[in-house]
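The structure appears below as structure tokens.
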Amino acid sequence: MKTKLLFAIAFLFIGSLIFAQNTISGKVVDEKGKPVPGANIYIDGTYDGATSSETGDFSFETTATGNQFLVVSFLIYDTFRKEIDVTNFKEQTVKLRENVNALDAVVITAGTLESGDKARVSVLKPLDIVTTAGSAGNIIAALQTLPGTQTVGEDGRLFVRGGEASETQTFVDGIRVAQPYGATTNNLPTRGRFSPFLFSGIAFSTGGYSAEYGEALSSVLLLNTQDEPDQNKTEIALMTVGLGLGNTQKWNKSSLSVNTAYINLAPYQAAIPQNVDWNNPYQSLSGETVYRYHFVNGIFKLYAAFDSEKFDLNQQNINFIDPIRTNLNNNNFYLNASYKGTIGTGWQLTTGMSYGYNNGKVKLNSSDINSDENAAQLKIKLRKNVSDHFKLSFGADYFITKFNENFNDNASINVANGYDSNIAAFYTEGDILFSKNFAAKVGFRLSNNSLLDETAIAPRASLAYKVSKSSQFSFAYGDFTQTPVVDYIKYSKFHQFESEKARHYILNYQFTKPGQTFRAEAYFKDYSNLVQYDTRDIQYNSNFNNNGSGYAKGLDLFWRDSNLYKNLEYWISYSYIDSERAYKNFPTMATPGFIANHNLSVVTKYFITDWKSQIGFTNSFSTGRPYNNPNEAQFMNGKTKAYNSLSFNWAYLLTTQKILYFSISNVLGTQNVFGYDYAKTPDATGFYNRQAVVPTADRFFFVGFFWTISQNKNDNQLKNL
């Protein structure tokens, strides 16, 4: 009996050891010490756990012993995981960090305006690029309704925050485009070479951009082709200025999109009075194609584009009695191959190459100018999410440019100029997410230019802080370098040049909520090493130096709203800029002639259901631009009258897939003046005569019929108008 009793006591004692329970207790709080109710707390690998109370407290018992992993998780916070001694973990505080990858997390926006469905903060939509009145399907014209840009009507390219058009670089799928604009001549506006038909997103940086991109003092324009078309379709365009045809075929793992267009402005020039004398109207034949193939871990894209342009016109010149005849022929080809995918343990690889060829033939009266440019870029980039709080990227690229130009006046002058340039660059950048509300991006770009025989390092840094659910501040700083433009650098065999430089400081505030966006951005740019020369016109025997300098400072405002009235969407852009430069042949620091101090754009779009129509208005206004009047003592003392242009468009749905489209720019026929050309020598009275630089025509009108043929009967080309 005594033996049985001892055995029972021993059994109960051993059982109590085996099934003993330890109490786990504590409190769950956030980074500010506030309680987190509803968090899940448990011992990994067991069913032992609890949920935190309204005060964040929790307590539960477990049969686990020794060291175990405690896991605490809750929605918007990073999962907490820590090895603990279950015997001693009592009344402990667990602090959760906010998940920095949440949809409402902070995103650096200083200097960047984005469009596209994948953009975290989209200022424009893909539809906006072509439905904006006055843009006429030109990506560049639509971007000129955004703050930070200048309307330079006699040029047509992007002028950003006091920078010339050459200071903006264009990239397709991250690869540079060496010749992004069509051919042109003196005071005749050009347009971008690319149709919006094939692009799904655009990032337009007005400054402070990533170390990934170089050779741009002011801005970069990033165009991203579609990853995947939605369906097989054919699109037909019949226009007053030409014809267009597009087709998309989609297979299991691949797809192909092709479009081509023929443009002839003869009907337009016959209908609208012209301010120049055309011998042969502007004509072009162009085409683009994108082939995509989806691998298991990535996507390959092959993009190709070509265009052939020509025109012949007579232009009055204040320095000659007879007009100057300009006969231009231009052929351009661009090829871009890129791959984006994952390799190894979480690395994202982006690599590719581009090749651009441009051949221009210009005949000025009896003189011939023939030029050839071959340009290429090789690029590789690696990126990895090292942790939820740190992303590392680094890469390298190589720019190759070969340019040749021949001038022949069919008499005694026959001159050849050109250059070969190779630029190798390495960059690295880190994205640091301190919390859901605070992030930073820090990096640098190291480049070596063989032509200039120089090596440069350019640091870049950005910060962003979210002050509320809907608003945040961003700051960006960066150093930027760029090889001088071809007009200078083609004389490198006579002169040694250096890279031009700019330093950006940008402070940005952004407010966003569904249907509304507001941006305010202040900036300062400091220019140095700008090219100067001592002759009226650029020529081989000019004395060049890199002693020029300048600055640009200003404020950009943007407001977009779709909540005011049903079916109405509008945006308002305003820019103020104060900028001066000592460069080119300027005798003193002055504001360049392409800069207007105040720029205002108002864009509206309204869909009238009963009329099956979308109508739009765009009004662009800018104050006068400076020009130099040699009849006055002060340099650049003149000021043109203010610029104003009201444009209108109307898209009417004949059926869901058939659209009639009409647009007209400068509806009111405002007599805009871009500047003045003065005679090189005075008349007999000592007075310098002048002629106004005006648009080639006061208005531009366009009528088109667009027909989509597809399985989805609701699809149409409204997004492409």
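FYI, nothing fancy with the structure tokens labels: chains A, B, ... in order, residues from 1 per chain, ligands from 1 as they appear.
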**OP:** Could you pull out the residues in segment 373-496 of chain A that DSSP calls alpha helix (DSSP H) from the backbone, as a PyMOL selection string?
**Re:** chain A and resi 486-489
Keeping only N, CA, C and O atoms, take the residues you just selected and write them out as a compact mmCIF listing (two decimals), in the first residue's frame.
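As a result, part-v4.txt now contains:
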# COMPACT_ATOMS: atom_id res chain seq x y z
N VAL A 486 26.00 69.54 -79.82
CA VAL A 486 26.73 69.23 -81.04
C VAL A 486 27.20 70.48 -81.76
O VAL A 486 28.25 70.48 -82.41
N ASP A 487 26.43 71.59 -81.69
CA ASP A 487 26.83 72.82 -82.38
C ASP A 487 28.19 73.32 -81.91
O ASP A 487 28.90 74.00 -82.65
N TYR A 488 28.57 73.00 -80.66
CA TYR A 488 29.89 73.36 -80.14
C TYR A 488 30.89 72.21 -80.33
O TYR A 488 32.00 72.38 -80.83
N ILE A 489 30.47 71.05 -79.90
CA ILE A 489 31.41 69.93 -79.75
C ILE A 489 31.92 69.41 -81.09
O ILE A 489 32.96 68.75 -81.15
Subject >> Contacts of segment 621-637 of chain A at 10 Å (only C-alpha atoms; same-chain gap of 3+ positions) as a ChimeraX atom specification >> reply: /A:150-152,574-576,586-602,618,640-646,673-682,686-690
Just to be explicit: take each residue in the selection above, keep N, CA and C atoms, and write the result as a tab-separated table (two decimals), in the first residue's frame.
chain	number	residue	atom	x	y	z
A	150	GLN	N	8.24	75.59	-70.52
A	150	GLN	CA	8.06	76.83	-71.25
A	150	GLN	C	7.44	76.53	-72.62
A	151	THR	N	6.53	77.36	-73.08
A	151	THR	CA	5.99	77.24	-74.43
A	151	THR	C	6.86	78.07	-75.36
A	152	VAL	N	7.69	77.37	-76.13
A	152	VAL	CA	8.59	78.03	-77.09
A	152	VAL	C	8.08	77.63	-78.48
A	574	TYR	N	0.59	76.52	-62.97
A	574	TYR	CA	1.19	77.85	-62.95
A	574	TYR	C	2.67	77.74	-62.59
A	575	SER	N	3.49	78.51	-63.30
A	575	SER	CA	4.93	78.52	-63.03
A	575	SER	C	5.44	79.95	-62.99
A	576	TYR	N	6.27	80.22	-61.98
A	576	TYR	CA	7.01	81.47	-61.93
A	576	TYR	C	8.49	81.13	-61.97
A	586	PHE	N	26.66	86.15	-74.87
A	586	PHE	CA	26.09	87.20	-74.02
A	586	PHE	C	27.21	88.08	-73.46
A	587	PRO	N	27.10	89.40	-73.59
A	587	PRO	CA	28.13	90.28	-73.01
A	587	PRO	C	28.00	90.43	-71.50
A	588	THR	N	26.84	90.05	-70.96
A	588	THR	CA	26.61	90.18	-69.53
A	588	THR	C	25.56	89.16	-69.10
A	589	MET	N	25.35	89.02	-67.80
A	589	MET	CA	24.33	88.11	-67.28
A	589	MET	C	22.95	88.64	-67.67
A	590	ALA	N	22.12	87.75	-68.27
A	590	ALA	CA	20.79	88.19	-68.72
A	590	ALA	C	19.86	86.99	-68.83
A	591	THR	N	18.56	87.28	-68.91
A	591	THR	CA	17.55	86.24	-69.08
A	591	THR	C	17.52	85.80	-70.54
A	592	PRO	N	17.68	84.50	-70.84
A	592	PRO	CA	17.64	84.04	-72.24
A	592	PRO	C	16.28	84.31	-72.89
A	593	GLY	N	16.28	84.36	-74.21
A	593	GLY	CA	15.07	84.73	-74.94
A	593	GLY	C	13.97	83.70	-74.94
A	594	PHE	N	14.20	82.48	-74.44
A	594	PHE	CA	13.14	81.46	-74.42
A	594	PHE	C	12.38	81.42	-73.10
A	595	ILE	N	12.69	82.33	-72.18
A	595	ILE	CA	12.10	82.26	-70.84
A	595	ILE	C	11.06	83.36	-70.64
A	596	ALA	N	9.86	82.94	-70.27
A	596	ALA	CA	8.81	83.86	-69.81
A	596	ALA	C	8.68	83.70	-68.31
A	597	ASN	N	8.59	84.80	-67.58
A	597	ASN	CA	8.58	84.74	-66.11
A	597	ASN	C	7.35	84.04	-65.56
A	598	HIS	N	6.19	84.19	-66.21
A	598	HIS	CA	4.94	83.60	-65.72
A	598	HIS	C	4.31	82.75	-66.82
A	599	ASN	N	3.91	81.53	-66.46
A	599	ASN	CA	3.24	80.62	-67.40
A	599	ASN	C	2.02	80.03	-66.72
A	600	LEU	N	0.90	80.02	-67.42
A	600	LEU	CA	-0.36	79.50	-66.88
A	600	LEU	C	-1.06	78.65	-67.93
A	601	SER	N	-1.47	77.45	-67.55
A	601	SER	CA	-2.24	76.57	-68.43
A	601	SER	C	-3.49	76.10	-67.70
A	602	VAL	N	-4.62	76.14	-68.39
A	602	VAL	CA	-5.88	75.61	-67.86
A	602	VAL	C	-6.41	74.60	-68.88
A	618	THR	N	-8.15	73.97	-73.90
A	618	THR	CA	-6.87	74.26	-73.27
A	618	THR	C	-6.52	75.71	-73.54
A	640	THR	N	8.62	90.85	-75.60
A	640	THR	CA	7.49	90.62	-76.50
A	640	THR	C	6.18	90.80	-75.75
A	641	LYS	N	5.10	90.91	-76.51
A	641	LYS	CA	3.79	90.95	-75.85
A	641	LYS	C	3.47	89.56	-75.30
A	642	ALA	N	2.51	89.49	-74.42
A	642	ALA	CA	2.14	88.21	-73.80
A	642	ALA	C	1.64	87.23	-74.85
A	643	TYR	N	1.89	85.95	-74.58
A	643	TYR	CA	1.44	84.87	-75.46
A	643	TYR	C	0.13	84.29	-74.92
A	644	ASN	N	-0.83	84.02	-75.82
A	644	ASN	CA	-2.08	83.38	-75.40
A	644	ASN	C	-2.62	82.53	-76.54
A	645	SER	N	-3.05	81.31	-76.21
A	645	SER	CA	-3.62	80.43	-77.21
A	645	SER	C	-4.72	79.59	-76.58
A	646	LEU	N	-5.92	79.66	-77.16
A	646	LEU	CA	-7.06	78.85	-76.72
A	646	LEU	C	-7.31	77.78	-77.76
A	673	VAL	N	3.67	86.63	-81.02
A	673	VAL	CA	5.02	86.95	-81.49
A	673	VAL	C	6.02	86.30	-80.53
A	674	PHE	N	6.95	85.52	-81.08
A	674	PHE	CA	7.91	84.80	-80.25
A	674	PHE	C	9.19	85.59	-80.00
A	675	GLY	N	9.46	86.56	-80.82
A	675	GLY	CA	10.67	87.36	-80.67
A	675	GLY	C	10.92	88.15	-81.94
A	676	TYR	N	12.14	88.68	-82.07
A	676	TYR	CA	12.48	89.49	-83.25
A	676	TYR	C	13.89	89.15	-83.72
A	677	ASP	N	14.05	89.08	-85.04
A	677	ASP	CA	15.36	88.96	-85.66
A	677	ASP	C	15.77	90.33	-86.16
A	678	TYR	N	16.97	90.76	-85.77
A	678	TYR	CA	17.46	92.08	-86.18
A	678	TYR	C	18.53	91.94	-87.25
A	679	ALA	N	18.64	92.98	-88.06
A	679	ALA	CA	19.68	93.01	-89.09
A	679	ALA	C	21.05	93.03	-88.43
A	680	LYS	N	22.03	92.42	-89.11
A	680	LYS	CA	23.39	92.39	-88.57
A	680	LYS	C	24.07	93.75	-88.68
A	681	THR	N	23.65	94.55	-89.65
A	681	THR	CA	24.23	95.88	-89.84
A	681	THR	C	23.12	96.93	-89.88
A	682	PRO	N	23.41	98.17	-89.44
A	682	PRO	CA	22.38	99.22	-89.44
A	682	PRO	C	22.18	99.78	-90.85
A	686	GLY	N	21.67	104.51	-89.28
A	686	GLY	CA	22.22	103.91	-88.08
A	686	GLY	C	21.22	103.07	-87.30
A	687	PHE	N	20.07	102.77	-87.91
A	687	PHE	CA	19.01	102.02	-87.23
A	687	PHE	C	19.04	100.56	-87.69
A	688	TYR	N	18.92	99.65	-86.73
A	688	TYR	CA	18.86	98.22	-87.04
A	688	TYR	C	17.40	97.82	-87.27
A	689	ASN	N	17.10	97.38	-88.49
A	689	ASN	CA	15.74	96.94	-88.79
A	689	ASN	C	15.50	95.53	-88.23
A	690	ARG	N	14.24	95.15	-88.15
A	690	ARG	CA	13.90	93.85	-87.57
A	690	ARG	C	12.70	93.23	-88.27
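Between atom CA of Ala502 of chain A and atom CA of Gly554 of chain A the separation is 15.5 Å.
Considering the residues A:Ile709, A:Ala456, A:Val86, A:Val694 and counting only C-alpha atoms, Gln316 of chain A has its shortest atom-to-atom contact with A:Val694.
Shortest atom-to-atom contact with Thr345 of chain A among A:Lys584, A:Leu328, A:Arg383, A:Ala305: A:Arg383, counting only C-alpha atoms.
Closest approach to Ile423 of chain A among A:Lys490, A:Glu215, A:Val442, A:Leu302: A:Glu215, based on only C-alpha atoms.
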Original post:
Which residues, written as JSON, numbers by chain, have at least one atom at most 12 Å from segment 242-255 of chain A, with only C-alpha atoms counted and residues fewer than 4 positions away on the same chain left out?
Top reply: {"A": [195, 197, 198, 226, 227, 228, 229, 230, 231, 232, 233, 234, 235, 236, 237, 238, 259, 260, 261, 262, 263, 264, 265, 266, 267, 268, 282, 283, 284, 285, 286, 287, 288, 289, 290, 291, 292, 293, 294, 295, 296, 298, 299, 300, 301, 302, 702, 703, 704, 705, 706, 707, 708, 709, 710, 711, 717, 720]}
**OP:** Using only C-alpha atoms, determine which residues lie at most 8 Å from Gly174 of chain A, disregarding the query and same-chain residues fewer than 6 positions distant; provide the list as number ranges by chain.
**Re:** A: 222-224
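Of the listed residues A:Phe89, A:Tyr661, A:Phe701, A:Tyr209, the one whose atoms come nearest to Phe444 of chain A is A:Tyr209, with distances taken using only C-alpha atoms.
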Subject >> Selection: 10 Å around segment 157-163 of chain A, only C-alpha atoms, excl. self and same-chain fewer than 2 positions, as a PyMOL selection string >> reply: chain A and resi 140-141+143-144+147-155+165-169+180-182+189-192+205-207+216-221+502+523-525+527+550-556+575-581+591-592+594-597
With C-alpha atoms retained, could you export that selection as a PDB file, in the first residue's frame?
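Here's the written file again-v8.pdb:
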ATOM      1  CA  ILE A 140       5.643  67.008 -75.907  1.00  0.00           C
ATOM      2  CA  ALA A 141       2.717  69.396 -76.454  1.00  0.00           C
ATOM      3  CA  LEU A 143       3.644  67.927 -71.283  1.00  0.00           C
ATOM      4  CA  GLN A 144       3.875  71.660 -71.978  1.00  0.00           C
ATOM      5  CA  PRO A 147       4.305  73.321 -64.489  1.00  0.00           C
ATOM      6  CA  GLY A 148       8.012  73.856 -65.007  1.00  0.00           C
ATOM      7  CA  THR A 149       7.843  73.937 -68.806  1.00  0.00           C
ATOM      8  CA  GLN A 150       8.055  76.834 -71.254  1.00  0.00           C
ATOM      9  CA  THR A 151       5.987  77.245 -74.426  1.00  0.00           C
ATOM     10  CA  VAL A 152       8.585  78.028 -77.091  1.00  0.00           C
ATOM     11  CA  GLY A 153       6.362  77.999 -80.146  1.00  0.00           C
ATOM     12  CA  GLU A 154       9.103  78.548 -82.719  1.00  0.00           C
ATOM     13  CA  ASP A 155      10.955  75.433 -81.483  1.00  0.00           C
ATOM     14  CA  ALA A 165      15.738  71.874 -74.931  1.00  0.00           C
ATOM     15  CA  SER A 166      19.094  70.094 -75.269  1.00  0.00           C
ATOM     16  CA  GLU A 167      19.201  69.754 -71.456  1.00  0.00           C
ATOM     17  CA  THR A 168      16.360  67.182 -71.484  1.00  0.00           C
ATOM     18  CA  GLN A 169      17.083  63.548 -72.339  1.00  0.00           C
ATOM     19  CA  PRO A 180      13.940  62.211 -79.915  1.00  0.00           C
ATOM     20  CA  TYR A 181      12.622  65.058 -82.116  1.00  0.00           C
ATOM     21  CA  GLY A 182      11.732  65.386 -85.766  1.00  0.00           C
ATOM     22  CA  PRO A 189       8.595  74.052 -84.673  1.00  0.00           C
ATOM     23  CA  THR A 190       9.250  70.331 -84.462  1.00  0.00           C
ATOM     24  CA  ARG A 191       7.464  67.597 -82.485  1.00  0.00           C
ATOM     25  CA  GLY A 192       8.391  64.394 -80.707  1.00  0.00           C
ATOM     26  CA  SER A 205      11.272  64.618 -64.114  1.00  0.00           C
ATOM     27  CA  THR A 206      11.741  68.384 -63.954  1.00  0.00           C
ATOM     28  CA  GLY A 207      14.865  67.981 -61.813  1.00  0.00           C
ATOM     29  CA  ALA A 216      21.009  65.858 -68.798  1.00  0.00           C
ATOM     30  CA  LEU A 217      21.375  69.187 -67.006  1.00  0.00           C
ATOM     31  CA  SER A 218      17.664  69.853 -66.472  1.00  0.00           C
ATOM     32  CA  SER A 219      15.254  67.012 -67.060  1.00  0.00           C
ATOM     33  CA  VAL A 220      14.574  63.431 -68.163  1.00  0.00           C
ATOM     34  CA  LEU A 221      11.511  62.060 -69.947  1.00  0.00           C
ATOM     35  CA  ALA A 502      24.113  72.170 -62.871  1.00  0.00           C
ATOM     36  CA  TYR A 523      13.475  75.029 -56.784  1.00  0.00           C
ATOM     37  CA  PHE A 524      16.900  76.549 -57.325  1.00  0.00           C
ATOM     38  CA  LYS A 525      19.369  75.583 -60.066  1.00  0.00           C
ATOM     39  CA  TYR A 527      24.728  76.505 -63.522  1.00  0.00           C
ATOM     40  CA  GLY A 550      23.748  81.048 -64.497  1.00  0.00           C
ATOM     41  CA  TYR A 551      20.865  80.326 -62.188  1.00  0.00           C
ATOM     42  CA  ALA A 552      17.168  79.501 -62.282  1.00  0.00           C
ATOM     43  CA  LYS A 553      14.786  79.723 -59.346  1.00  0.00           C
ATOM     44  CA  GLY A 554      11.046  79.576 -59.182  1.00  0.00           C
ATOM     45  CA  LEU A 555       7.761  78.121 -57.992  1.00  0.00           C
ATOM     46  CA  ASP A 556       5.530  75.570 -59.749  1.00  0.00           C
ATOM     47  CA  SER A 575       4.932  78.518 -63.030  1.00  0.00           C
ATOM     48  CA  TYR A 576       7.014  81.471 -61.931  1.00  0.00           C
ATOM     49  CA  ILE A 577      10.667  81.575 -62.907  1.00  0.00           C
ATOM     50  CA  ASP A 578      13.540  83.995 -62.415  1.00  0.00           C
ATOM     51  CA  SER A 579      16.560  82.966 -64.465  1.00  0.00           C
ATOM     52  CA  GLU A 580      19.683  84.584 -65.869  1.00  0.00           C
ATOM     53  CA  ARG A 581      22.757  83.284 -67.670  1.00  0.00           C
ATOM     54  CA  THR A 591      17.554  86.236 -69.082  1.00  0.00           C
ATOM     55  CA  PRO A 592      17.641  84.041 -72.244  1.00  0.00           C
ATOM     56  CA  PHE A 594      13.144  81.461 -74.424  1.00  0.00           C
ATOM     57  CA  ILE A 595      12.103  82.262 -70.842  1.00  0.00           C
ATOM     58  CA  ALA A 596       8.809  83.856 -69.814  1.00  0.00           C
ATOM     59  CA  ASN A 597       8.576  84.738 -66.113  1.00  0.00           C
TER      60      ASN A 597
END
**OP:** Give me every strand (DSSP E or B) residue in segment 509-632 of chain A, going by DSSP on the backbone, as a PyMOL selection string.
**Re:** chain A and resi 509-513+516-532+545-561+568-582+584+590+598-608+613-622+626-627
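For the residues A:Tyr505, A:Tyr419, A:Phe434, A:Tyr652, ranking by smallest atom-to-atom distance to Phe480 of chain A using only C-alpha atoms places A:Tyr505 first.
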